[in-house]
$ cat final_5.cif   # mmCIF, C-alpha atoms
data_protein
#
loop_
_atom_site.group_PDB
_atom_site.id
_atom_site.type_symbol
_atom_site.label_atom_id
_atom_site.label_comp_id
_atom_site.auth_asym_id
_atom_site.auth_seq_id
_atom_site.Cartn_x
_atom_site.Cartn_y
_atom_site.Cartn_z
ATOM 1 C CA MET C 1 144.948 95.421 -73.382
ATOM 2 C CA THR C 2 142.666 94.576 -70.507
ATOM 3 C CA SER C 3 138.997 95.226 -71.178
ATOM 4 C CA TYR C 4 136.584 96.807 -68.745
ATOM 5 C CA THR C 5 133.939 94.784 -66.959
ATOM 6 C CA PRO C 6 131.445 97.219 -65.447
ATOM 7 C CA PRO C 7 130.904 96.674 -61.733
ATOM 8 C CA SER C 8 127.352 96.250 -60.446
ATOM 9 C CA GLU C 9 125.049 99.259 -60.342
ATOM 10 C CA LYS C 10 125.116 99.008 -56.545
ATOM 11 C CA ASP C 11 128.938 99.084 -56.375
ATOM 12 C CA ILE C 12 129.136 101.969 -58.856
ATOM 13 C CA ASN C 13 126.719 104.023 -56.779
ATOM 14 C CA GLN C 14 128.477 103.115 -53.539
ATOM 15 C CA PHE C 15 131.797 104.243 -55.051
ATOM 16 C CA ILE C 16 130.321 107.537 -56.305
ATOM 17 C CA ASP C 17 128.821 108.147 -52.857
ATOM 18 C CA MET C 18 132.367 107.966 -51.440
ATOM 19 C CA VAL C 19 133.430 110.932 -53.612
ATOM 20 C CA SER C 20 133.606 114.381 -51.984
ATOM 21 C CA PHE C 21 132.613 116.679 -54.837
ATOM 22 C CA ASN C 22 133.606 120.326 -54.311
ATOM 23 C CA ALA C 23 131.283 123.362 -54.158
ATOM 24 C CA ASP C 24 131.054 123.257 -57.977
ATOM 25 C CA GLY C 25 130.098 119.580 -57.880
ATOM 26 C CA LEU C 26 133.478 118.491 -59.256
ATOM 27 C CA ALA C 27 136.285 116.126 -58.278
ATOM 28 C CA SER C 28 139.768 115.915 -59.760
ATOM 29 C CA ALA C 29 140.480 113.026 -62.128
ATOM 30 C CA ILE C 30 143.973 111.973 -63.151
ATOM 31 C CA ALA C 31 144.345 109.703 -66.179
ATOM 32 C CA GLN C 32 147.270 107.284 -66.126
ATOM 33 C CA GLN C 33 148.134 104.881 -68.952
ATOM 34 C CA HIS C 34 147.679 101.543 -67.200
ATOM 35 C CA ASP C 35 150.683 99.671 -68.631
ATOM 36 C CA THR C 36 153.388 102.329 -69.048
ATOM 37 C CA LYS C 37 152.148 104.260 -65.969
ATOM 38 C CA LYS C 38 152.591 107.530 -67.870
ATOM 39 C CA ILE C 39 150.456 110.368 -66.504
ATOM 40 C CA LEU C 40 148.355 111.583 -69.400
ATOM 41 C CA MET C 41 146.246 114.454 -68.074
ATOM 42 C CA GLN C 42 144.327 115.869 -65.144
ATOM 43 C CA ALA C 43 140.765 117.062 -65.602
ATOM 44 C CA TRP C 44 137.471 117.080 -63.686
ATOM 45 C CA VAL C 45 134.412 114.889 -63.271
ATOM 46 C CA ASN C 46 130.983 115.652 -61.867
ATOM 47 C CA ARG C 47 128.586 112.993 -60.605
ATOM 48 C CA ASP C 48 127.030 112.372 -64.032
ATOM 49 C CA SER C 49 130.288 112.134 -65.961
ATOM 50 C CA LEU C 50 131.763 109.817 -63.343
ATOM 51 C CA TYR C 51 128.692 107.591 -63.500
ATOM 52 C CA LYS C 52 128.920 107.484 -67.301
ATOM 53 C CA THR C 53 132.626 106.620 -67.096
ATOM 54 C CA LEU C 54 132.119 103.801 -64.596
ATOM 55 C CA ALA C 55 129.025 102.344 -66.275
ATOM 56 C CA THR C 56 130.326 102.397 -69.864
ATOM 57 C CA GLY C 57 134.127 102.189 -69.514
ATOM 58 C CA GLN C 58 134.507 105.177 -71.863
ATOM 59 C CA VAL C 59 136.112 108.008 -69.892
ATOM 60 C CA CYS C 60 133.862 111.057 -69.653
ATOM 61 C CA TYR C 61 134.914 114.295 -67.938
ATOM 62 C CA PHE C 62 133.073 117.512 -67.147
ATOM 63 C CA SER C 63 134.375 120.423 -69.199
ATOM 64 C CA ARG C 64 134.625 123.510 -67.003
ATOM 65 C CA SER C 65 135.029 125.806 -70.020
ATOM 66 C CA ARG C 66 132.040 124.376 -71.880
ATOM 67 C CA GLN C 67 130.071 123.442 -68.726
ATOM 68 C CA LYS C 68 128.987 120.097 -70.091
ATOM 69 C CA LEU C 69 129.864 116.415 -70.177
ATOM 70 C CA TRP C 70 132.882 115.719 -72.329
ATOM 71 C CA THR C 71 133.457 112.169 -73.476
ATOM 72 C CA LYS C 72 137.181 112.117 -74.118
ATOM 73 C CA GLY C 73 137.814 111.778 -77.850
ATOM 74 C CA GLU C 74 134.278 112.653 -78.948
ATOM 75 C CA THR C 75 135.679 115.205 -81.424
ATOM 76 C CA SER C 76 139.274 114.065 -81.882
ATOM 77 C CA GLY C 77 138.726 110.311 -81.842
ATOM 78 C CA GLN C 78 141.435 110.023 -79.138
ATOM 79 C CA THR C 79 139.276 108.088 -76.685
ATOM 80 C CA GLN C 80 140.214 106.753 -73.254
ATOM 81 C CA GLU C 81 139.110 103.287 -72.250
ATOM 82 C CA LEU C 82 138.814 102.755 -68.516
ATOM 83 C CA ILE C 83 140.660 99.859 -66.910
ATOM 84 C CA GLU C 84 140.073 100.681 -63.230
ATOM 85 C CA ALA C 85 139.020 103.677 -61.142
ATOM 86 C CA ARG C 86 140.571 104.524 -57.785
ATOM 87 C CA LEU C 87 139.665 107.134 -55.179
ATOM 88 C CA ASP C 88 142.029 108.785 -52.716
ATOM 89 C CA CYS C 89 141.933 108.796 -48.913
ATOM 90 C CA ASP C 90 139.879 111.960 -48.533
ATOM 91 C CA GLY C 91 137.645 111.282 -51.515
ATOM 92 C CA ASP C 92 138.238 114.372 -53.634
ATOM 93 C CA SER C 93 140.612 112.967 -56.231
ATOM 94 C CA LEU C 94 140.247 110.063 -58.646
ATOM 95 C CA LEU C 95 142.902 108.086 -60.443
ATOM 96 C CA LEU C 96 141.690 106.570 -63.707
ATOM 97 C CA LEU C 97 143.831 103.767 -65.079
ATOM 98 C CA VAL C 98 143.117 103.876 -68.791
ATOM 99 C CA HIS C 99 144.111 102.769 -72.226
ATOM 100 C CA GLN C 100 144.600 105.895 -74.317
ATOM 101 C CA ASN C 101 143.813 105.586 -77.993
ATOM 102 C CA GLY C 102 146.182 107.940 -79.791
ATOM 103 C CA VAL C 103 147.281 111.074 -77.952
ATOM 104 C CA ALA C 104 145.830 112.516 -74.748
ATOM 105 C CA CYS C 105 146.702 116.196 -75.244
ATOM 106 C CA HIS C 106 144.848 118.619 -77.506
ATOM 107 C CA THR C 107 148.268 119.849 -78.687
ATOM 108 C CA GLY C 108 148.862 116.427 -80.274
ATOM 109 C CA ARG C 109 151.254 115.183 -77.585
ATOM 110 C CA THR C 110 150.881 111.877 -75.717
ATOM 111 C CA THR C 111 150.673 113.730 -72.383
ATOM 112 C CA CYS C 112 149.485 117.171 -71.280
ATOM 113 C CA PHE C 113 152.438 117.425 -68.847
ATOM 114 C CA PHE C 114 155.130 118.345 -71.358
ATOM 115 C CA ASN C 115 156.505 121.581 -69.822
ATOM 116 C CA ALA C 116 159.454 120.610 -67.634
ATOM 117 C CA LEU C 117 161.537 122.845 -65.394
ATOM 118 C CA THR C 118 165.095 121.515 -65.542
ATOM 119 C CA PRO C 119 168.449 122.870 -64.287
ATOM 120 C CA GLU C 120 169.075 123.925 -67.908
ATOM 121 C CA GLY C 121 165.783 125.789 -68.232
ATOM 122 C CA ILE C 122 162.196 125.115 -69.291
ATOM 123 C CA ILE C 123 161.907 122.482 -71.991
ATOM 124 C CA HIS C 124 159.232 120.482 -73.784
ATOM 125 C CA THR C 125 159.632 116.813 -72.892
ATOM 126 C CA GLU C 126 158.086 115.807 -76.219
ATOM 127 C CA GLU C 127 156.822 117.283 -79.464
ATOM 128 C CA PRO C 128 153.371 116.728 -81.041
ATOM 129 C CA LEU C 129 152.841 113.421 -82.842
ATOM 130 C CA ILE C 130 149.921 114.883 -84.776
ATOM 131 C CA SER C 131 148.835 118.465 -85.454
ATOM 132 C CA PRO C 132 145.844 119.958 -83.627
ATOM 133 C CA GLU C 133 144.401 120.767 -87.065
ATOM 134 C CA LYS C 134 144.387 117.067 -87.930
ATOM 135 C CA LEU C 135 142.814 116.228 -84.571
ATOM 136 C CA TYR C 136 140.075 118.855 -84.604
ATOM 137 C CA GLY C 137 139.815 120.315 -88.094
ATOM 138 C CA HIS C 138 140.530 123.992 -87.570
ATOM 139 C CA HIS C 139 138.844 124.273 -84.199
ATOM 140 C CA PRO C 140 140.927 122.737 -81.434
ATOM 141 C CA HIS C 141 139.329 123.033 -78.036
ATOM 142 C CA PRO C 142 141.307 122.430 -74.880
ATOM 143 C CA LYS C 143 139.692 121.079 -71.745
ATOM 144 C CA MET D 1 168.190 108.316 -56.324
ATOM 145 C CA THR D 2 168.675 111.388 -58.434
ATOM 146 C CA SER D 3 169.265 114.567 -56.461
ATOM 147 C CA TYR D 4 167.705 117.919 -57.231
ATOM 148 C CA THR D 5 169.697 120.754 -58.740
ATOM 149 C CA PRO D 6 167.676 123.943 -58.320
ATOM 150 C CA PRO D 7 167.160 125.804 -61.602
ATOM 151 C CA SER D 8 168.093 129.488 -61.769
ATOM 152 C CA GLU D 9 165.921 132.020 -59.975
ATOM 153 C CA LYS D 10 164.937 133.405 -63.396
ATOM 154 C CA ASP D 11 163.814 129.987 -64.687
ATOM 155 C CA ILE D 12 161.901 129.229 -61.481
ATOM 156 C CA ASN D 13 160.019 132.516 -61.730
ATOM 157 C CA GLN D 14 159.371 132.038 -65.443
ATOM 158 C CA PHE D 15 157.929 128.582 -64.729
ATOM 159 C CA ILE D 16 155.718 129.880 -61.904
ATOM 160 C CA ASP D 17 154.489 132.673 -64.194
ATOM 161 C CA MET D 18 153.261 129.955 -66.606
ATOM 162 C CA VAL D 19 150.953 128.545 -63.905
ATOM 163 C CA SER D 20 147.257 129.477 -64.021
ATOM 164 C CA PHE D 21 146.308 129.592 -60.360
ATOM 165 C CA ASN D 22 142.557 129.374 -59.708
ATOM 166 C CA ALA D 23 140.362 131.943 -57.945
ATOM 167 C CA ASP D 24 141.695 130.663 -54.595
ATOM 168 C CA GLY D 25 145.285 131.085 -55.796
ATOM 169 C CA LEU D 26 145.800 127.317 -56.088
ATOM 170 C CA ALA D 27 146.906 124.828 -58.735
ATOM 171 C CA SER D 28 146.627 121.042 -58.617
ATOM 172 C CA ALA D 29 149.817 119.100 -57.911
ATOM 173 C CA ILE D 30 150.171 115.373 -58.513
ATOM 174 C CA ALA D 31 153.090 113.556 -56.891
ATOM 175 C CA GLN D 32 154.493 110.589 -58.787
ATOM 176 C CA GLN D 33 157.328 108.400 -57.521
ATOM 177 C CA HIS D 34 159.962 109.025 -60.203
ATOM 178 C CA ASP D 35 161.315 105.496 -60.636
ATOM 179 C CA THR D 36 158.301 103.218 -60.073
ATOM 180 C CA LYS D 37 155.897 105.794 -61.613
ATOM 181 C CA LYS D 38 153.390 105.090 -58.851
ATOM 182 C CA ILE D 39 150.949 107.954 -58.239
ATOM 183 C CA LEU D 40 151.317 108.901 -54.597
ATOM 184 C CA MET D 41 148.841 111.722 -53.995
ATOM 185 C CA GLN D 42 147.154 114.806 -55.382
ATOM 186 C CA ALA D 43 147.151 118.035 -53.423
ATOM 187 C CA TRP D 44 147.419 121.797 -54.050
ATOM 188 C CA VAL D 45 150.089 124.450 -54.297
ATOM 189 C CA ASN D 46 149.878 128.212 -54.145
ATOM 190 C CA ARG D 47 152.557 130.538 -55.514
ATOM 191 C CA ASP D 48 154.598 130.535 -52.299
ATOM 192 C CA SER D 49 154.541 126.791 -51.733
ATOM 193 C CA LEU D 50 155.456 126.157 -55.368
ATOM 194 C CA TYR D 51 158.357 128.598 -55.138
ATOM 195 C CA LYS D 52 159.571 126.905 -51.967
ATOM 196 C CA THR D 53 159.299 123.492 -53.625
ATOM 197 C CA LEU D 54 161.226 124.548 -56.725
ATOM 198 C CA ALA D 55 163.896 126.519 -54.873
ATOM 199 C CA THR D 56 164.635 123.946 -52.161
ATOM 200 C CA GLY D 57 163.706 120.592 -53.709
ATOM 201 C CA GLN D 58 161.615 119.734 -50.627
ATOM 202 C CA VAL D 59 157.986 119.415 -51.752
ATOM 203 C CA CYS D 60 155.728 121.967 -50.079
ATOM 204 C CA TYR D 61 151.962 122.095 -50.634
ATOM 205 C CA PHE D 62 149.276 124.506 -49.506
ATOM 206 C CA SER D 63 146.908 122.901 -47.014
ATOM 207 C CA ARG D 64 143.347 123.946 -47.793
ATOM 208 C CA SER D 65 142.066 122.705 -44.428
ATOM 209 C CA ARG D 66 144.753 124.520 -42.413
ATOM 210 C CA GLN D 67 145.143 127.420 -44.895
ATOM 211 C CA LYS D 68 148.907 127.437 -44.689
ATOM 212 C CA LEU D 69 152.063 126.111 -46.284
ATOM 213 C CA TRP D 70 152.568 122.440 -45.646
ATOM 214 C CA THR D 71 156.009 120.992 -46.201
ATOM 215 C CA LYS D 72 155.269 117.348 -46.826
ATOM 216 C CA GLY D 73 156.545 115.272 -43.915
ATOM 217 C CA GLU D 74 157.052 118.189 -41.507
ATOM 218 C CA THR D 75 155.124 116.289 -38.816
ATOM 219 C CA SER D 76 155.337 112.680 -39.977
ATOM 220 C CA GLY D 77 158.894 112.693 -41.311
ATOM 221 C CA GLN D 78 157.591 111.249 -44.606
ATOM 222 C CA THR D 79 159.184 113.902 -46.811
ATOM 223 C CA GLN D 80 159.081 114.198 -50.593
ATOM 224 C CA GLU D 81 162.221 115.131 -52.476
ATOM 225 C CA LEU D 82 161.631 116.779 -55.823
ATOM 226 C CA ILE D 83 163.274 115.322 -58.907
ATOM 227 C CA GLU D 84 161.535 117.388 -61.606
ATOM 228 C CA ALA D 85 158.423 119.559 -61.922
ATOM 229 C CA ARG D 86 156.193 119.565 -64.984
ATOM 230 C CA LEU D 87 153.252 121.748 -65.965
ATOM 231 C CA ASP D 88 150.357 120.779 -68.188
ATOM 232 C CA CYS D 89 149.180 122.333 -71.456
ATOM 233 C CA ASP D 90 146.721 124.786 -69.909
ATOM 234 C CA GLY D 91 148.855 125.564 -66.890
ATOM 235 C CA ASP D 92 146.530 124.613 -64.045
ATOM 236 C CA SER D 93 147.998 121.259 -63.080
ATOM 237 C CA LEU D 94 151.499 120.264 -62.001
ATOM 238 C CA LEU D 95 153.157 116.883 -62.035
ATOM 239 C CA LEU D 96 155.877 116.524 -59.415
ATOM 240 C CA LEU D 97 158.293 113.666 -59.977
ATOM 241 C CA VAL D 98 159.552 112.888 -56.490
ATOM 242 C CA HIS D 99 161.354 110.506 -54.250
ATOM 243 C CA GLN D 100 159.035 109.663 -51.375
ATOM 244 C CA ASN D 101 160.665 108.913 -48.045
ATOM 245 C CA GLY D 102 158.450 106.363 -46.328
ATOM 246 C CA VAL D 103 154.733 106.493 -47.066
ATOM 247 C CA ALA D 104 152.796 109.265 -48.816
ATOM 248 C CA CYS D 105 149.369 108.761 -47.231
ATOM 249 C CA HIS D 106 148.367 109.901 -43.748
ATOM 250 C CA THR D 107 146.689 106.478 -43.324
ATOM 251 C CA GLY D 108 150.153 104.865 -43.464
ATOM 252 C CA ARG D 109 149.796 103.572 -47.038
ATOM 253 C CA THR D 110 152.338 104.197 -49.805
ATOM 254 C CA THR D 111 149.661 105.928 -51.918
ATOM 255 C CA CYS D 112 146.495 107.887 -51.172
ATOM 256 C CA PHE D 113 144.716 106.180 -54.090
ATOM 257 C CA PHE D 114 143.955 102.858 -52.409
ATOM 258 C CA ASN D 115 140.154 102.634 -52.908
ATOM 259 C CA ALA D 116 139.573 100.667 -56.110
ATOM 260 C CA LEU D 117 136.291 99.936 -57.841
ATOM 261 C CA THR D 118 136.594 96.449 -59.329
ATOM 262 C CA PRO D 119 134.083 94.075 -60.946
ATOM 263 C CA GLU D 120 134.075 92.235 -57.581
ATOM 264 C CA GLY D 121 133.346 95.353 -55.542
ATOM 265 C CA ILE D 122 135.244 98.115 -53.771
ATOM 266 C CA ILE D 123 138.565 96.988 -52.373
ATOM 267 C CA HIS D 124 141.670 98.471 -50.764
ATOM 268 C CA THR D 125 144.631 97.952 -53.079
ATOM 269 C CA GLU D 126 146.990 97.940 -50.106
ATOM 270 C CA GLU D 127 146.985 98.053 -46.317
ATOM 271 C CA PRO D 128 148.919 100.494 -44.070
ATOM 272 C CA LEU D 129 152.632 99.845 -43.642
ATOM 273 C CA ILE D 130 152.672 101.955 -40.486
ATOM 274 C CA SER D 131 149.918 103.161 -38.171
ATOM 275 C CA PRO D 132 148.778 106.804 -38.232
ATOM 276 C CA GLU D 133 149.480 106.902 -34.494
ATOM 277 C CA LYS D 134 153.113 106.067 -35.158
ATOM 278 C CA LEU D 135 153.273 108.682 -37.911
ATOM 279 C CA TYR D 136 151.613 111.522 -36.024
ATOM 280 C CA GLY D 137 151.456 110.605 -32.339
ATOM 281 C CA HIS D 138 147.744 110.680 -31.596
ATOM 282 C CA HIS D 139 146.886 113.573 -33.899
ATOM 283 C CA PRO D 140 146.857 112.511 -37.526
ATOM 284 C CA HIS D 141 145.964 115.329 -39.877
ATOM 285 C CA PRO D 142 145.002 114.658 -43.470
ATOM 286 C CA LYS D 143 145.650 117.192 -46.203
#

$ encode --input "final_5.cif" --output "structure tokens"
Amino acid sequence: MTSYTPPSEKDINQFIDMVSFNADGLASAIAQQHDTKKILMQAWVNRDSLYKTLATGQVCYFSRSRQKLWTKGETSGQTQELIEARLDCDGDSLLLLVHQNGVACHTGRTTCFFNALTPEGIIHTEEPLISPEKLYGHHPHPK
Amino acid sequence: MTSYTPPSEKDINQFIDMVSFNADGLASAIAQQHDTKKILMQAWVNRDSLYKTLATGQVCYFSRSRQKLWTKGETSGQTQELIEARLDCDGDSLLLLVHQNGVACHTGRTTCFFNALTPEGIIHTEEPLISPEKLYGHHPHPK
């Protein structure tokens, strides 16, 4: 696994200044496992959570349901370690190349994108590797 | 390249009914090249554009700037052919596995996510393969 070397404070701030946050102060963030290229999840960052992510290398989102910073894995232990952050052409969407420790989805699956529409119908592409109860005690909380 | 076999009307509607569209009637849609797993872009779909995408296999977004359906490549010729659609655990984000014809980004790059924050500074991960002028005449329009 590649480890994260934080860029300079100046470069971090310059990168964040390139982001077009929406009216709620949020930008989309897609997490992709850096080596397998599997898409793990899509969530949201605000300015503070993005700064924390880029400065520490521990991925931190903004939880819309809880309206607060959400360091991925803070409850479940399933943390995401940043490898590299990328920003799209119009600045409102981030791609986070990460190393996922354990599973990304609160259902216990490796990815949140497990509902597939196929010619044979709607299927789950994978089943949970671990139960939500094991991940969260008896109080799972989705993003 | 795998071709797209449209699911039944019933399955398409059942899948769309699983989507949690936001207050603007939109859900996030991430396009990933199905074989290389490269992330191409992130845009938005409404109910109509998602139906069109799933029924025809030609990816159609909803343009927030133009407030209308936007069949990818309708102006530039850089179409996206759907391979399979997936929906995430809480229903507000779609992953579209596609075959991209030509380049995905209106800047002429294969991906919209070309701004990378690295320990050495902010770099472009790739340069345009084709000029926006060639793609759009003299009127490029981003998403």

$ closest_atom_pairs --input "final_5.cif" --of "region 16-122 of chain D" --to "region 102-108 of chain C" --cutoff "12 Å" --atoms "all atoms listed in the file" --output "JSON lines"
{"residue": "D:Asp88", "atom": "CA", "partner": "C:Cys105", "partner_atom": "CA", "distance": 9.2}
{"residue": "D:Cys89", "atom": "CA", "partner": "C:Cys105", "partner_atom": "CA", "distance": 7.6}
{"residue": "D:Asp90", "atom": "CA", "partner": "C:His106", "partner_atom": "CA", "distance": 10.0}

$ interface_residues --input "final_5.cif" --of "chain C" --to "chain D" --cutoff "10 Å" --atoms "all atoms listed in the file" --output "VMD selection string"
chain C and resid 4 to 8 10 to 12 14 to 16 18 28 to 30 32 36 to 43 54 83 to 96 105 to 107 109 111 to 125 142 to 143

$ calpha_fit_and_write --input "final_5.cif" --fixed "chain C" --moving "chain D" --output "compact mmCIF listing (two decimals) with C-alpha atoms, in the coordinates of the input"
# COMPACT_ATOMS: atom_id res chain seq x y z
CA MET D 1 144.94 95.44 -73.40
CA THR D 2 142.66 94.59 -70.53
CA SER D 3 138.99 95.24 -71.20
CA TYR D 4 136.59 96.81 -68.74
CA THR D 5 133.95 94.79 -66.95
CA PRO D 6 131.44 97.22 -65.45
CA PRO D 7 130.91 96.67 -61.72
CA SER D 8 127.35 96.25 -60.44
CA GLU D 9 125.06 99.26 -60.34
CA LYS D 10 125.12 99.02 -56.53
CA ASP D 11 128.94 99.09 -56.38
CA ILE D 12 129.14 101.97 -58.86
CA ASN D 13 126.72 104.03 -56.79
CA GLN D 14 128.49 103.12 -53.55
CA PHE D 15 131.80 104.25 -55.06
CA ILE D 16 130.33 107.54 -56.32
CA ASP D 17 128.82 108.14 -52.86
CA MET D 18 132.38 107.97 -51.44
CA VAL D 19 133.44 110.93 -53.61
CA SER D 20 133.60 114.38 -52.00
CA PHE D 21 132.61 116.68 -54.83
CA ASN D 22 133.60 120.32 -54.32
CA ALA D 23 131.29 123.35 -54.17
CA ASP D 24 131.06 123.26 -57.98
CA GLY D 25 130.10 119.58 -57.90
CA LEU D 26 133.49 118.49 -59.26
CA ALA D 27 136.29 116.13 -58.28
CA SER D 28 139.78 115.92 -59.76
CA ALA D 29 140.48 113.03 -62.12
CA ILE D 30 143.98 111.97 -63.15
CA ALA D 31 144.35 109.70 -66.17
CA GLN D 32 147.28 107.29 -66.12
CA GLN D 33 148.12 104.90 -68.95
CA HIS D 34 147.69 101.54 -67.20
CA ASP D 35 150.68 99.67 -68.61
CA THR D 36 153.39 102.33 -69.04
CA LYS D 37 152.16 104.27 -65.96
CA LYS D 38 152.60 107.53 -67.85
CA ILE D 39 150.45 110.38 -66.51
CA LEU D 40 148.35 111.58 -69.41
CA MET D 41 146.25 114.45 -68.07
CA GLN D 42 144.32 115.86 -65.15
CA ALA D 43 140.76 117.05 -65.59
CA TRP D 44 137.46 117.07 -63.68
CA VAL D 45 134.40 114.89 -63.27
CA ASN D 46 130.98 115.65 -61.87
CA ARG D 47 128.57 112.98 -60.62
CA ASP D 48 127.03 112.37 -64.05
CA SER D 49 130.28 112.14 -65.97
CA LEU D 50 131.75 109.81 -63.35
CA TYR D 51 128.68 107.58 -63.51
CA LYS D 52 128.91 107.47 -67.29
CA THR D 53 132.62 106.62 -67.09
CA LEU D 54 132.11 103.81 -64.59
CA ALA D 55 129.02 102.35 -66.27
CA THR D 56 130.33 102.38 -69.85
CA GLY D 57 134.12 102.18 -69.51
CA GLN D 58 134.49 105.17 -71.87
CA VAL D 59 136.10 108.00 -69.89
CA CYS D 60 133.85 111.05 -69.64
CA TYR D 61 134.91 114.29 -67.94
CA PHE D 62 133.07 117.50 -67.15
CA SER D 63 134.39 120.41 -69.19
CA ARG D 64 134.63 123.49 -67.00
CA SER D 65 135.05 125.80 -70.00
CA ARG D 66 132.05 124.37 -71.89
CA GLN D 67 130.08 123.44 -68.73
CA LYS D 68 129.00 120.09 -70.07
CA LEU D 69 129.86 116.42 -70.19
CA TRP D 70 132.88 115.71 -72.32
CA THR D 71 133.46 112.17 -73.47
CA LYS D 72 137.17 112.11 -74.11
CA GLY D 73 137.82 111.80 -77.84
CA GLU D 74 134.27 112.66 -78.96
CA THR D 75 135.68 115.21 -81.43
CA SER D 76 139.28 114.08 -81.89
CA GLY D 77 138.73 110.32 -81.83
CA GLN D 78 141.43 110.04 -79.13
CA THR D 79 139.27 108.09 -76.68
CA GLN D 80 140.21 106.76 -73.26
CA GLU D 81 139.11 103.29 -72.24
CA LEU D 82 138.81 102.75 -68.51
CA ILE D 83 140.66 99.86 -66.91
CA GLU D 84 140.08 100.68 -63.23
CA ALA D 85 139.03 103.68 -61.14
CA ARG D 86 140.57 104.53 -57.79
CA LEU D 87 139.67 107.13 -55.18
CA ASP D 88 142.01 108.78 -52.72
CA CYS D 89 141.93 108.79 -48.92
CA ASP D 90 139.86 111.96 -48.54
CA GLY D 91 137.64 111.29 -51.52
CA ASP D 92 138.24 114.39 -53.64
CA SER D 93 140.61 112.97 -56.23
CA LEU D 94 140.25 110.06 -58.64
CA LEU D 95 142.90 108.09 -60.44
CA LEU D 96 141.69 106.57 -63.70
CA LEU D 97 143.83 103.77 -65.07
CA VAL D 98 143.12 103.87 -68.79
CA HIS D 99 144.11 102.77 -72.22
CA GLN D 100 144.60 105.89 -74.32
CA ASN D 101 143.81 105.59 -78.01
CA GLY D 102 146.19 107.94 -79.80
CA VAL D 103 147.29 111.06 -77.95
CA ALA D 104 145.82 112.52 -74.75
CA CYS D 105 146.70 116.19 -75.25
CA HIS D 106 144.84 118.61 -77.52
CA THR D 107 148.28 119.85 -78.69
CA GLY D 108 148.87 116.42 -80.27
CA ARG D 109 151.26 115.18 -77.56
CA THR D 110 150.88 111.88 -75.71
CA THR D 111 150.67 113.73 -72.38
CA CYS D 112 149.49 117.17 -71.28
CA PHE D 113 152.43 117.43 -68.85
CA PHE D 114 155.14 118.34 -71.36
CA ASN D 115 156.51 121.58 -69.83
CA ALA D 116 159.46 120.61 -67.63
CA LEU D 117 161.54 122.83 -65.39
CA THR D 118 165.10 121.52 -65.55
CA PRO D 119 168.44 122.86 -64.28
CA GLU D 120 169.07 123.93 -67.91
CA GLY D 121 165.78 125.80 -68.25
CA ILE D 122 162.21 125.12 -69.30
CA ILE D 123 161.92 122.48 -71.99
CA HIS D 124 159.24 120.47 -73.78
CA THR D 125 159.64 116.81 -72.89
CA GLU D 126 158.10 115.80 -76.21
CA GLU D 127 156.82 117.29 -79.45
CA PRO D 128 153.37 116.72 -81.06
CA LEU D 129 152.85 113.42 -82.84
CA ILE D 130 149.93 114.88 -84.77
CA SER D 131 148.84 118.45 -85.45
CA PRO D 132 145.84 119.96 -83.63
CA GLU D 133 144.39 120.78 -87.06
CA LYS D 134 144.40 117.09 -87.94
CA LEU D 135 142.83 116.23 -84.59
CA TYR D 136 140.09 118.85 -84.60
CA GLY D 137 139.82 120.30 -88.11
CA HIS D 138 140.50 123.99 -87.57
CA HIS D 139 138.81 124.26 -84.18
CA PRO D 140 140.92 122.74 -81.44
CA HIS D 141 139.32 123.02 -78.03
CA PRO D 142 141.31 122.42 -74.87
CA LYS D 143 139.68 121.11 -71.72

$ atom_distance --input "final_5.cif" --atom1 "CA of Gln67 (chain C)" --atom2 "CA of Glu9 (chain C)"
26.1 Å

$ atom_distance --input "final_5.cif" --atom1 "CA of Glu133 (chain D)" --atom2 "CA of Gly73 (chain D)"
14.4 Å

$ atom_distance --input "final_5.cif" --atom1 "CA of Val45 (chain D)" --atom2 "CA of His99 (chain D)"
17.9 Å

$ closest_residue --input "final_5.cif" --among "D:Gln100, D:Thr56, D:Ser20, D:Asn46" --to "His34 (chain D)" --atoms "only C-alpha atoms"
D:Gln100

$ resolve_selection --input "final_5.cif" --expression "the PyMOL selection byres ((chain C and resi 71) around 7)" --output "PyMOL selection string"
chain C and resi 59-61+69-70+72-74

$ resolve_selection --input "final_5.cif" --expression "the PyMOL selection byres ((chain D and resi 25) around 10)" --output "ChimeraX atom specification"
/D:20-24,26-27,44-48,62

$ closest_residue --input "final_5.cif" --among "D:Thr110, D:Gln80, D:Asn101, D:Thr75" --to "Gly137 (chain D)" --atoms "all atoms listed in the file"
D:Thr75

$ decode --input "final_5.cif" --residues "region 116-134 of chain D" --atoms "C-alpha atoms" --output "PDB file, in the first residue's frame"
ATOM      1  CA  ALA D 116      -4.585  15.965  -8.878  1.00  0.00           C
ATOM      2  CA  LEU D 117      -3.216  17.189  -5.571  1.00  0.00           C
ATOM      3  CA  THR D 118       0.189  15.556  -5.127  1.00  0.00           C
ATOM      4  CA  PRO D 119       3.026  16.076  -2.629  1.00  0.00           C
ATOM      5  CA  GLU D 120       4.752  18.056  -5.423  1.00  0.00           C
ATOM      6  CA  GLY D 121       1.774  20.321  -6.062  1.00  0.00           C
ATOM      7  CA  ILE D 122      -1.334  20.408  -8.230  1.00  0.00           C
ATOM      8  CA  ILE D 123      -0.876  18.707 -11.569  1.00  0.00           C
ATOM      9  CA  HIS D 124      -2.947  17.629 -14.565  1.00  0.00           C
ATOM     10  CA  THR D 125      -2.927  13.841 -14.784  1.00  0.00           C
ATOM     11  CA  GLU D 126      -3.426  14.027 -18.542  1.00  0.00           C
ATOM     12  CA  GLU D 127      -3.628  16.525 -21.386  1.00  0.00           C
ATOM     13  CA  PRO D 128      -6.440  16.856 -23.980  1.00  0.00           C
ATOM     14  CA  LEU D 129      -6.500  14.287 -26.771  1.00  0.00           C
ATOM     15  CA  ILE D 130      -8.658  16.585 -28.887  1.00  0.00           C
ATOM     16  CA  SER D 131      -9.390  20.304 -28.706  1.00  0.00           C
ATOM     17  CA  PRO D 132     -12.756  21.566 -27.421  1.00  0.00           C
ATOM     18  CA  GLU D 133     -13.074  23.501 -30.682  1.00  0.00           C
ATOM     19  CA  LYS D 134     -12.910  20.254 -32.621  1.00  0.00           C
TER      20      LYS D 134
END
